$ cat upload09.pdb   # PDB, C-alpha atoms
ATOM      1  CA  MET L  29       4.971 -13.600  17.684
ATOM      2  CA  THR L  30       4.064 -15.671  20.686
ATOM      3  CA  VAL L  31       0.552 -15.458  21.985
ATOM      4  CA  SER L  32       0.574 -15.105  25.738
ATOM      5  CA  GLU L  33      -1.147 -17.641  27.937
ATOM      6  CA  PRO L  34      -4.537 -16.520  29.238
ATOM      7  CA  GLY L  35      -3.307 -16.113  32.800
ATOM      8  CA  THR L  36       0.093 -14.589  32.070
ATOM      9  CA  PRO L  37       0.415 -10.914  33.024
ATOM     10  CA  ARG L  38       1.730  -8.847  30.150
ATOM     11  CA  ALA L  39       3.237  -6.183  32.370
ATOM     12  CA  GLY L  40       6.127  -8.403  33.375
ATOM     13  CA  GLN L  41       7.418  -8.698  29.810
ATOM     14  CA  PRO L  42      11.202  -8.920  29.746
ATOM     15  CA  LYS L  43      13.106  -5.919  28.459
ATOM     16  CA  ALA L  44      15.046  -8.059  25.996
ATOM     17  CA  GLY L  45      11.894  -8.832  24.022
ATOM     18  CA  SER L  46      11.187  -5.160  23.526
ATOM     19  CA  GLU L  47      14.682  -4.493  22.218
ATOM     20  CA  MET L  48      14.376  -7.490  19.945
ATOM     21  CA  GLU L  49      11.164  -5.975  18.578
ATOM     22  CA  GLN L  50      12.923  -2.711  17.808
ATOM     23  CA  VAL L  51      15.716  -4.546  16.015
ATOM     24  CA  PHE L  52      13.140  -6.394  13.930
ATOM     25  CA  PHE L  53      11.305  -3.139  13.215
ATOM     26  CA  LEU L  54      14.496  -1.507  11.976
ATOM     27  CA  LEU L  55      15.321  -4.534   9.822
ATOM     28  CA  PHE L  56      11.868  -4.702   8.225
ATOM     29  CA  SER L  57      11.558  -0.970   7.687
ATOM     30  CA  ALA L  58      15.058  -0.698   6.187
ATOM     31  CA  ILE L  59      14.216  -3.409   3.655
ATOM     32  CA  ALA L  60      10.829  -1.800   2.993
ATOM     33  CA  VAL L  61      12.319   1.634   2.293
ATOM     34  CA  GLY L  62      15.052   0.125   0.099
ATOM     35  CA  ALA L  63      12.472  -1.829  -1.866
ATOM     36  CA  ALA L  64      10.258   1.258  -2.210
ATOM     37  CA  LEU L  65      13.191   3.218  -3.632
ATOM     38  CA  THR L  66      13.830   0.345  -6.038
ATOM     39  CA  VAL L  67      10.194   0.538  -7.190
ATOM     40  CA  VAL L  68      10.674   4.190  -8.100
ATOM     41  CA  LEU L  69      14.170   3.936  -9.555
ATOM     42  CA  ALA L  70      14.193   0.595 -11.393
ATOM     43  CA  ARG L  71      14.389   0.725 -15.178
ATOM     44  CA  ASP L  72      12.469  -2.470 -15.822
ATOM     45  CA  PRO L  73       8.801  -2.554 -14.672
ATOM     46  CA  VAL L  74       9.266  -6.224 -13.739
ATOM     47  CA  HIS L  75      11.954  -5.209 -11.250
ATOM     48  CA  SER L  76       9.607  -2.538  -9.919
ATOM     49  CA  ALA L  77       6.864  -5.108  -9.435
ATOM     50  CA  LEU L  78       9.168  -7.549  -7.642
ATOM     51  CA  ALA L  79      10.524  -4.777  -5.404
ATOM     52  CA  LEU L  80       6.960  -3.746  -4.575
ATOM     53  CA  MET L  81       6.256  -7.352  -3.620
ATOM     54  CA  VAL L  82       9.226  -7.313  -1.226
ATOM     55  CA  CYS L  83       8.062  -4.010   0.242
ATOM     56  CA  LEU L  84       4.519  -5.265   0.826
ATOM     57  CA  LEU L  85       5.847  -8.430   2.471
ATOM     58  CA  GLN L  86       7.882  -6.308   4.871
ATOM     59  CA  VAL L  87       4.781  -4.296   5.689
ATOM     60  CA  ALA L  88       2.982  -7.568   6.426
ATOM     61  CA  ALA L  89       5.797  -8.419   8.839
ATOM     62  CA  LEU L  90       5.329  -5.027  10.486
ATOM     63  CA  PHE L  91       1.640  -5.848  10.954
ATOM     64  CA  ILE L  92       2.694  -8.897  12.948
ATOM     65  CA  LEU L  93       4.887  -6.642  15.105
ATOM     66  CA  LEU L  94       1.758  -4.546  15.590
ATOM     67  CA  ARG L  95      -0.120  -7.614  16.893
ATOM     68  CA  SER L  96      -2.414  -7.806  13.888
ATOM     69  CA  PRO L  97      -1.761 -11.282  12.475
ATOM     70  CA  PHE L  98      -5.030 -11.409  10.544
ATOM     71  CA  LEU L  99      -4.205  -8.203   8.734
ATOM     72  CA  ALA L 100      -0.763  -9.571   7.892
ATOM     73  CA  ALA L 101      -2.409 -12.622   6.336
ATOM     74  CA  VAL L 102      -4.828 -10.417   4.387
ATOM     75  CA  GLN L 103      -1.924  -8.303   3.193
ATOM     76  CA  VAL L 104      -0.060 -11.350   1.912
ATOM     77  CA  PHE L 105      -3.144 -12.852   0.263
ATOM     78  CA  VAL L 106      -4.584  -9.739  -1.338
ATOM     79  CA  TYR L 107      -1.526  -7.657  -2.132
ATOM     80  CA  VAL L 108       1.307 -10.096  -2.607
ATOM     81  CA  GLY L 109      -0.998 -12.777  -3.947
ATOM     82  CA  ALA L 110      -3.718 -11.183  -6.030
ATOM     83  CA  VAL L 111      -2.668  -7.623  -6.834
ATOM     84  CA  MET L 112       0.964  -8.317  -7.644
ATOM     85  CA  VAL L 113       0.099 -11.334  -9.769
ATOM     86  CA  LEU L 114      -2.325  -9.083 -11.660
ATOM     87  CA  PHE L 115       0.468  -6.567 -12.216
ATOM     88  CA  LEU L 116       2.954  -9.192 -13.353
ATOM     89  CA  PHE L 117       0.306 -10.729 -15.582
ATOM     90  CA  VAL L 118      -0.362  -7.426 -17.323
ATOM     91  CA  ILE L 119       3.388  -6.786 -17.636
ATOM     92  CA  MET L 120       3.897 -10.172 -19.245
ATOM     93  CA  MET L 121       0.806  -9.837 -21.450
ATOM     94  CA  LEU L 122       1.703  -6.431 -22.832
ATOM     95  CA  ASP L 123       5.052  -5.753 -24.341
ATOM     96  CA  ILE L 124       6.237  -2.825 -22.307
ATOM     97  CA  ARG L 125       9.991  -3.047 -22.717
ATOM     98  CA  GLN L 126       9.858  -0.172 -25.207
ATOM     99  CA  VAL L 127       8.991   2.320 -22.474
ATOM    100  CA  ALA L 128      12.039   1.441 -20.440
ATOM    101  CA  ILE L 129      14.182   3.897 -22.374
ATOM    102  CA  GLU L 130      13.161   7.008 -20.471
ATOM    103  CA  ARG L 131      12.413   6.531 -16.801
ATOM    104  CA  PHE L 132      11.281   9.934 -15.702
ATOM    105  CA  LEU L 133       9.076  12.668 -17.089
ATOM    106  CA  PRO L 134      11.094  15.085 -19.198
ATOM    107  CA  ARG L 135       9.824  18.319 -17.681
ATOM    108  CA  GLY L 136       9.286  19.766 -14.234
ATOM    109  CA  ARG L 137      11.565  17.510 -12.205
ATOM    110  CA  ILE L 138      13.075  20.200  -9.979
ATOM    111  CA  PRO L 139       9.748  21.822  -8.923
ATOM    112  CA  THR L 140       8.301  18.362  -8.252
ATOM    113  CA  LEU L 141      11.237  17.437  -6.052
ATOM    114  CA  LEU L 142      10.894  20.735  -4.187
ATOM    115  CA  VAL L 143       7.188  20.109  -3.563
ATOM    116  CA  LEU L 144       7.969  16.583  -2.402
ATOM    117  CA  GLY L 145      10.615  17.846   0.002
ATOM    118  CA  LEU L 146       8.115  20.313   1.396
ATOM    119  CA  LEU L 147       5.550  17.517   1.767
ATOM    120  CA  ALA L 148       8.048  15.328   3.629
ATOM    121  CA  LEU L 149       9.036  18.180   5.936
ATOM    122  CA  GLN L 150       5.411  18.967   6.690
ATOM    123  CA  LEU L 151       4.456  15.353   7.290
ATOM    124  CA  VAL L 152       7.316  14.722   9.686
ATOM    125  CA  SER L 153       6.957  17.986  11.583
ATOM    126  CA  LEU L 154       3.174  17.718  11.915
ATOM    127  CA  LEU L 155       3.100  14.040  12.842
ATOM    128  CA  LEU L 156       6.036  14.031  15.223
ATOM    129  CA  GLY L 157       5.003  17.340  16.749
ATOM    130  CA  SER L 158       1.575  15.991  17.654
ATOM    131  CA  ARG L 159       0.850  15.250  21.282
ATOM    132  CA  LEU L 160      -0.642  11.846  20.503
ATOM    133  CA  VAL L 161       2.633  10.410  19.263
ATOM    134  CA  ASP L 162       4.544  11.201  22.440
ATOM    135  CA  GLU L 163       2.047   9.657  24.807
ATOM    136  CA  ALA L 164       3.030   6.244  26.033
ATOM    137  CA  PRO L 165       0.156   3.754  25.926
ATOM    138  CA  ASP L 166      -1.245   2.887  29.335
ATOM    139  CA  ARG L 167      -0.965  -0.792  28.584
ATOM    140  CA  VAL L 168       0.444  -3.060  25.929
ATOM    141  CA  ALA L 169      -2.314  -4.042  23.539
ATOM    142  CA  GLU L 170      -3.062  -7.733  23.237
ATOM    143  CA  ALA L 171      -2.987  -9.422  19.875
ATOM    144  CA  THR L 172      -6.443  -9.086  18.368
ATOM    145  CA  THR L 173      -8.154 -12.290  17.430
ATOM    146  CA  VAL L 174      -9.983 -12.878  14.194
ATOM    147  CA  ALA L 175     -13.159 -13.471  16.211
ATOM    148  CA  GLU L 176     -13.041  -9.972  17.727
ATOM    149  CA  LEU L 177     -12.356  -8.408  14.371
ATOM    150  CA  GLY L 178     -15.128 -10.372  12.676
ATOM    151  CA  THR L 179     -17.647  -9.504  15.368
ATOM    152  CA  ARG L 180     -16.811  -5.831  15.042
ATOM    153  CA  LEU L 181     -16.951  -5.998  11.264
ATOM    154  CA  PHE L 182     -20.347  -7.704  11.184
ATOM    155  CA  THR L 183     -22.017  -5.567  13.859
ATOM    156  CA  HIS L 184     -20.728  -1.989  13.932
ATOM    157  CA  TYR L 185     -19.456  -1.936  10.383
ATOM    158  CA  LEU L 186     -22.038  -4.066   8.611
ATOM    159  CA  LEU L 187     -23.198  -1.313   6.253
ATOM    160  CA  PRO L 188     -19.680  -0.289   5.115
ATOM    161  CA  PHE L 189     -18.874  -3.973   4.729
ATOM    162  CA  GLU L 190     -21.835  -4.498   2.407
ATOM    163  CA  VAL L 191     -21.003  -1.338   0.468
ATOM    164  CA  VAL L 192     -17.437  -2.573  -0.010
ATOM    165  CA  SER L 193     -18.684  -5.906  -1.290
ATOM    166  CA  VAL L 194     -20.920  -4.113  -3.806
ATOM    167  CA  ILE L 195     -17.927  -1.991  -4.867
ATOM    168  CA  LEU L 196     -15.937  -5.184  -5.448
ATOM    169  CA  LEU L 197     -18.757  -6.566  -7.572
ATOM    170  CA  VAL L 198     -18.948  -3.331  -9.586
ATOM    171  CA  ALA L 199     -15.175  -3.419 -10.097
ATOM    172  CA  LEU L 200     -15.387  -7.018 -11.285
ATOM    173  CA  VAL L 201     -18.138  -6.273 -13.793
ATOM    174  CA  GLY L 202     -16.455  -3.034 -14.851
ATOM    175  CA  ALA L 203     -13.128  -4.742 -15.499
ATOM    176  CA  ILE L 204     -14.804  -7.401 -17.641
ATOM    177  CA  VAL L 205     -16.731  -4.789 -19.644
ATOM    178  CA  LEU L 206     -13.591  -2.693 -20.153
ATOM    179  CA  VAL L 207     -11.406  -5.474 -21.508
ATOM    180  CA  ARG L 208     -14.086  -7.058 -23.678
ATOM    181  CA  ARG L 209     -13.278  -6.686 -27.347
ATOM    182  CA  GLU L 210     -15.571  -4.354 -29.198
ATOM    183  CA  GLY L 211     -17.916  -6.125 -31.565
ATOM    184  CA  ALA L 212     -17.643  -9.425 -29.705
ATOM    185  CA  GLU L 213     -21.253  -9.303 -28.608
TER     186      GLU L 213
ATOM    187  CA  MET K   6       7.689  -2.040  22.378
ATOM    188  CA  VAL K   7       8.419  -0.039  19.253
ATOM    189  CA  PRO K   8       7.617   3.681  19.676
ATOM    190  CA  LEU K   9       4.677   4.956  17.656
ATOM    191  CA  ALA K  10       6.846   7.715  16.213
ATOM    192  CA  TRP K  11       8.928   5.109  14.349
ATOM    193  CA  TYR K  12       5.884   3.693  12.597
ATOM    194  CA  VAL K  13       4.603   7.170  11.760
ATOM    195  CA  THR K  14       7.975   8.134  10.320
ATOM    196  CA  LEU K  15       8.131   4.956   8.239
ATOM    197  CA  GLY K  16       4.631   5.660   6.937
ATOM    198  CA  ALA K  17       5.619   9.213   5.990
ATOM    199  CA  VAL K  18       8.801   8.044   4.242
ATOM    200  CA  LEU K  19       6.965   5.398   2.208
ATOM    201  CA  PHE K  20       4.221   7.908   1.365
ATOM    202  CA  VAL K  21       6.707  10.459   0.043
ATOM    203  CA  ILE K  22       8.593   7.808  -1.958
ATOM    204  CA  GLY K  23       5.296   6.704  -3.501
ATOM    205  CA  ALA K  24       4.342  10.300  -4.290
ATOM    206  CA  ALA K  25       7.740  10.822  -5.933
ATOM    207  CA  GLY K  26       7.129   7.777  -8.114
ATOM    208  CA  ILE K  27       3.679   8.986  -9.144
ATOM    209  CA  LEU K  28       4.852  12.484  -9.998
ATOM    210  CA  LEU K  29       8.134  11.589 -11.702
ATOM    211  CA  ARG K  30       7.824   8.237 -13.450
ATOM    212  CA  ARG K  31       6.785   7.936 -17.061
ATOM    213  CA  ASN K  32       5.555   4.349 -17.132
ATOM    214  CA  VAL K  33       1.855   3.976 -16.338
ATOM    215  CA  LEU K  34       2.341   0.611 -14.643
ATOM    216  CA  VAL K  35       5.006   1.944 -12.300
ATOM    217  CA  VAL K  36       2.762   4.891 -11.467
ATOM    218  CA  LEU K  37       0.028   2.442 -10.452
ATOM    219  CA  MET K  38       2.498   0.494  -8.308
ATOM    220  CA  CYS K  39       3.519   3.690  -6.549
ATOM    221  CA  LEU K  40      -0.155   4.354  -5.855
ATOM    222  CA  GLU K  41      -0.291   1.010  -4.058
ATOM    223  CA  LEU K  42       2.797   2.013  -2.111
ATOM    224  CA  MET K  43       1.111   5.206  -0.902
ATOM    225  CA  LEU K  44      -2.033   3.341   0.123
ATOM    226  CA  ASN K  45       0.097   0.909   2.082
ATOM    227  CA  ALA K  46       1.880   3.726   3.866
ATOM    228  CA  VAL K  47      -1.500   5.003   5.014
ATOM    229  CA  VAL K  48      -2.501   1.513   6.149
ATOM    230  CA  ILE K  49       0.640   1.330   8.297
ATOM    231  CA  ASN K  50      -0.452   4.531  10.044
ATOM    232  CA  PHE K  51      -3.957   3.207  10.632
ATOM    233  CA  VAL K  52      -2.728  -0.049  12.143
ATOM    234  CA  ALA K  53      -0.002   1.614  14.202
ATOM    235  CA  PHE K  54      -2.434   4.100  15.748
ATOM    236  CA  GLY K  55      -4.995   1.340  16.271
ATOM    237  CA  HIS K  56      -2.390  -0.667  18.150
ATOM    238  CA  HIS K  57      -1.209   2.356  20.092
ATOM    239  CA  LEU K  58      -4.703   3.319  21.247
ATOM    240  CA  ASP K  59      -5.786  -0.322  21.632
ATOM    241  CA  ASP K  60      -8.665   0.237  19.216
ATOM    242  CA  LEU K  61      -9.928  -2.243  16.646
ATOM    243  CA  ARG K  62     -11.065   0.473  14.275
ATOM    244  CA  GLY K  63      -7.563   0.850  12.902
ATOM    245  CA  GLN K  64      -7.590  -2.719  11.627
ATOM    246  CA  VAL K  65     -11.167  -2.468  10.339
ATOM    247  CA  PHE K  66     -10.268   0.569   8.265
ATOM    248  CA  ALA K  67      -7.099  -1.139   7.067
ATOM    249  CA  ILE K  68      -9.173  -4.055   5.773
ATOM    250  CA  PHE K  69     -11.474  -1.646   3.937
ATOM    251  CA  ILE K  70      -8.511   0.186   2.406
ATOM    252  CA  ILE K  71      -6.930  -3.048   1.203
ATOM    253  CA  THR K  72     -10.220  -4.156  -0.372
ATOM    254  CA  ILE K  73     -10.773  -0.854  -2.155
ATOM    255  CA  ALA K  74      -7.162  -0.885  -3.347
ATOM    256  CA  ALA K  75      -7.682  -4.307  -4.894
ATOM    257  CA  ALA K  76     -10.809  -3.095  -6.715
ATOM    258  CA  GLU K  77      -8.956   0.002  -7.878
ATOM    259  CA  VAL K  78      -6.071  -2.014  -9.298
ATOM    260  CA  ALA K  79      -8.442  -4.278 -11.204
ATOM    261  CA  ILE K  80     -10.195  -1.294 -12.801
ATOM    262  CA  ALA K  81      -6.947   0.542 -13.518
ATOM    263  CA  LEU K  82      -5.329  -2.423 -15.223
ATOM    264  CA  ALA K  83      -8.500  -3.064 -17.249
ATOM    265  CA  LEU K  84      -8.456   0.568 -18.373
ATOM    266  CA  LEU K  85      -4.801   0.183 -19.294
ATOM    267  CA  VAL K  86      -5.480  -2.905 -21.401
ATOM    268  CA  ALA K  87      -8.384  -1.117 -23.121
ATOM    269  CA  LEU K  88      -6.123   1.871 -23.779
ATOM    270  CA  MET K  89      -3.436  -0.363 -25.248
ATOM    271  CA  ARG K  90      -5.989  -1.878 -27.572
ATOM    272  CA  HIS K  91      -7.158   1.546 -28.598
ATOM    273  CA  ARG K  92      -3.578   2.683 -29.268
ATOM    274  CA  LYS K  93      -2.613  -0.382 -31.299
ATOM    275  CA  GLN K  94      -0.465  -2.285 -28.822
ATOM    276  CA  THR K  95       1.903   0.367 -27.584
ATOM    277  CA  LEU K  96       1.883   1.299 -23.949
ATOM    278  CA  PRO K  97       1.520   5.093 -23.840
ATOM    279  CA  ARG K  98       3.659   7.185 -21.547
ATOM    280  CA  VAL K  99       1.922   9.055 -18.787
ATOM    281  CA  ASP K 100       2.463  12.426 -20.442
ATOM    282  CA  GLU K 101       1.039  11.136 -23.731
ATOM    283  CA  ILE K 102      -2.354  10.122 -22.374
ATOM    284  CA  ASN K 103      -4.337  13.252 -23.198
ATOM    285  CA  LEU K 104      -7.382  11.894 -24.989
ATOM    286  CA  MET K 105      -9.654  13.726 -22.584
ATOM    287  CA  ARG K 106      -7.597  16.922 -22.793
ATOM    288  CA  GLY K 107      -6.556  16.642 -19.175
TER     289      GLY K 107
END
$ encode --input "upload09.pdb" --output "structure tokens"
Amino acid sequence: MTVSEPGTPRAGQPKAGSEMEQVFFLLFSAIAVGAALTVVLARDPVHSALALMVCLLQVAALFILLRSPFLAAVQVFVYVGAVMVLFLFVIMMLDIRQVAIERFLPRGRIPTLLVLGLLALQLVSLLLGSRLVDEAPDRVAEATTVAELGTRLFTHYLLPFEVVSVILLVALVGAIVLVRREGAE
Amino acid sequence: MVPLAWYVTLGAVLFVIGAAGILLRRNVLVVLMCLELMLNAVVINFVAFGHHLDDLRGQVFAIFIITIAAAEVAIALALLVALMRHRKQTLPRVDEINLMRG
């Protein structure tokens, strides 16, 4: 995504760029949905994990289309880097191949699918029926810089930020306590 | 310019796929992965609306969600490892975890 020069007016953006963006959106979202289906349908948990990685990478690409490059970087670092490696590590550490025999829960598949269909119908009708979605934005949003985001985070959202950091610390300590062997004091 | 409705639809589709995985799959690890998928679908909505309304709050919330999701995965996987130890090295199926009579 090119960052526009400071003096360049954004209104005069060529039409071709906008169509290009839509093509890229369709490409990324098609891969993301395919990968998400693979996560649910794959027999082997390793395949699920790799498909989830692909899906999260596509979402990171979508963040760049949404002019949020910092968030895309965070997504790649935290999700694709840390979280997925954690998943793969646990998969490799524990022998889980034995569970691959039966993929789905034995009971209640049809009611679950019905509820899910209802959920999908509701989501789409409510979201697409809302007035907010139809409104065209008055102007194309500029790409946000890390400086803007950081300023906002450390002024308006300082308290939530600190709370989140404490939550991370608690999670760290909790994870260590949980996996410690009993009697290894 | 990609219409907002496309992003919202993609978020809904990913959310429903993730919910299907959580409700239908038997493997605990895959259920956790589907949870991540649902969280990510919500993040897409936040960022898309933030971009649409030219508001930074969408991205701020997305950062918070990603952080909390990371903490949640760490705790969940630690619980899973503890459970495996308790059950003598076999990964239980989702419908077999009923120690707390849930």
$ closest_residue --input "upload09.pdb" --among "L:Ile204, L:Val102, L:Val68, L:Ala148" --to "Val65 (chain K)" --atoms "all atoms listed in the file"
L:Val102
$ residues_around --input "upload09.pdb" --residues "Ile73 (chain K)" --least-positions-apart "5" --cutoff "12 Å" --atoms "only C-alpha atoms" --output "list in words"
Val106, Tyr107, Val111, Pro188, Phe189, Val191, Val192, Ser193, Val194, Ile195, Leu196, Leu197, Val198, Ala199 and Leu200 of chain L; Glu41, Leu44, Asn45, Val48, Phe66, Ala67, Ile68, Val78, Ala79 and Ile80 of chain K
$ atom_distance --input "upload09.pdb" --atom1 "CA of Leu155 (chain L)" --atom2 "CA of Gly63 (chain K)"
17.0 Å
$ closest_residue --input "upload09.pdb" --among "K:Leu88, K:Phe54, K:Arg31, K:Tyr12" --to "chain L" --atoms "only C-alpha atoms"
K:Arg31
$ atom_distance --input "upload09.pdb" --atom1 "CA of Met43 (chain K)" --atom2 "CA of Pro139 (chain L)"
20.4 Å
$ interface_residues --input "upload09.pdb" --of "chain L" --to "chain K" --cutoff "6 Å" --atoms "only C-alpha atoms" --output "CSV table (one decimal) with C-alpha atoms, in the frame of the given file"
chain,number,residue,atom,x,y,z
L,46,SER,CA,11.2,-5.2,23.5
L,50,GLN,CA,12.9,-2.7,17.8
L,68,VAL,CA,10.7,4.2,-8.1
L,131,ARG,CA,12.4,6.5,-16.8
L,132,PHE,CA,11.3,9.9,-15.7
L,133,LEU,CA,9.1,12.7,-17.1
L,161,VAL,CA,2.6,10.4,19.3
L,169,ALA,CA,-2.3,-4.0,23.5
L,196,LEU,CA,-15.9,-5.2,-5.4
L,199,ALA,CA,-15.2,-3.4,-10.1
L,203,ALA,CA,-13.1,-4.7,-15.5
L,206,LEU,CA,-13.6,-2.7,-20.2
L,207,VAL,CA,-11.4,-5.5,-21.5
$ residues_around --input "upload09.pdb" --residues "region 73-85 of chain L" --least-positions-apart "4" --cutoff "7 Å" --atoms "only C-alpha atoms" --output "PyMOL selection string"
(chain L and resi 60+63-64+66-67+89+104+108+112+116) or (chain K and resi 35)
$ write_last_selection --input "upload09.pdb" --atoms "C-alpha atoms" --output "short mmCIF file (atom, residue, chain, number, x, y, z; two decimals), in the coordinates of the input"
data_model
loop_
_atom_site.label_atom_id
_atom_site.label_comp_id
_atom_site.auth_asym_id
_atom_site.auth_seq_id
_atom_site.Cartn_x
_atom_site.Cartn_y
_atom_site.Cartn_z
CA ALA L 60 10.83 -1.80 2.99
CA ALA L 63 12.47 -1.83 -1.87
CA ALA L 64 10.26 1.26 -2.21
CA THR L 66 13.83 0.34 -6.04
CA VAL L 67 10.19 0.54 -7.19
CA ALA L 89 5.80 -8.42 8.84
CA VAL L 104 -0.06 -11.35 1.91
CA VAL L 108 1.31 -10.10 -2.61
CA MET L 112 0.96 -8.32 -7.64
CA LEU L 116 2.95 -9.19 -13.35
CA VAL K 35 5.01 1.94 -12.30
#
$ atom_distance --input "upload09.pdb" --atom1 "CA of Phe91 (chain L)" --atom2 "CA of Leu144 (chain L)"
26.9 Å
$ axis_aligned_box --input "upload09.pdb" --around "region 88-91 of chain L" --padding-each-side "3 Å" --output "JSON"
{"center_x": 3.7, "center_y": -6.7, "center_z": 8.7, "size_x": 10.2, "size_y": 9.4, "size_z": 10.5}
$ resolve_selection --input "upload09.pdb" --expression "the PyMOL selection byres ((chain L and resi 172) around 8)" --output "VMD selection string"
(chain L and resid 95 to 97 170 to 171 173 to 174 176 to 177) or (chain K and resid 61)
$ closest_residue --input "upload09.pdb" --among "L:Val87, L:Ala70, L:Ala100, L:Leu160" --to "Leu55 (chain L)" --atoms "all atoms listed in the file"
L:Val87
$ decode --input "upload09.pdb" --residues "region 64-102 of chain K" --atoms "C-alpha atoms" --output "CSV table (one decimal), in the first residue's frame"
chain,number,residue,atom,x,y,z
K,64,GLN,CA,-7.7,-0.2,15.9
K,65,VAL,CA,-7.2,0.4,19.7
K,66,PHE,CA,-9.8,-2.2,20.5
K,67,ALA,CA,-8.4,-4.6,18.0
K,68,ILE,CA,-5.0,-4.3,19.7
K,69,PHE,CA,-6.7,-5.1,23.1
K,70,ILE,CA,-8.5,-8.0,21.6
K,71,ILE,CA,-5.4,-9.5,20.1
K,72,THR,CA,-3.5,-9.1,23.5
K,73,ILE,CA,-6.3,-10.7,25.5
K,74,ALA,CA,-6.5,-13.6,22.9
K,75,ALA,CA,-2.8,-14.3,23.3
K,76,ALA,CA,-3.2,-14.4,27.1
K,77,GLU,CA,-6.2,-16.7,26.7
K,78,VAL,CA,-4.4,-19.1,24.5
K,79,ALA,CA,-1.5,-19.3,26.9
K,80,ILE,CA,-3.8,-20.2,29.8
K,81,ALA,CA,-5.9,-22.6,27.8
K,82,LEU,CA,-2.9,-24.5,26.5
K,83,ALA,CA,-1.4,-24.6,30.1
K,84,LEU,CA,-4.8,-26.0,31.3
K,85,LEU,CA,-4.7,-28.6,28.5
K,86,VAL,CA,-1.2,-29.7,29.4
K,87,ALA,CA,-2.2,-30.0,33.1
K,88,LEU,CA,-5.2,-32.0,32.1
K,89,MET,CA,-3.1,-34.3,30.0
K,90,ARG,CA,-0.9,-34.9,32.9
K,91,HIS,CA,-3.8,-35.6,35.2
K,92,ARG,CA,-5.3,-38.1,32.6
K,93,LYS,CA,-2.0,-40.0,32.1
K,94,GLN,CA,-1.0,-38.7,28.7
K,95,THR,CA,-4.1,-39.1,26.6
K,96,LEU,CA,-5.7,-36.0,25.2
K,97,PRO,CA,-9.4,-36.2,26.2
K,98,ARG,CA,-12.1,-35.5,23.8
K,99,VAL,CA,-14.3,-32.5,24.4
K,100,ASP,CA,-17.3,-34.5,25.4
K,101,GLU,CA,-15.2,-36.5,27.9
K,102,ILE,CA,-14.0,-33.6,30.0
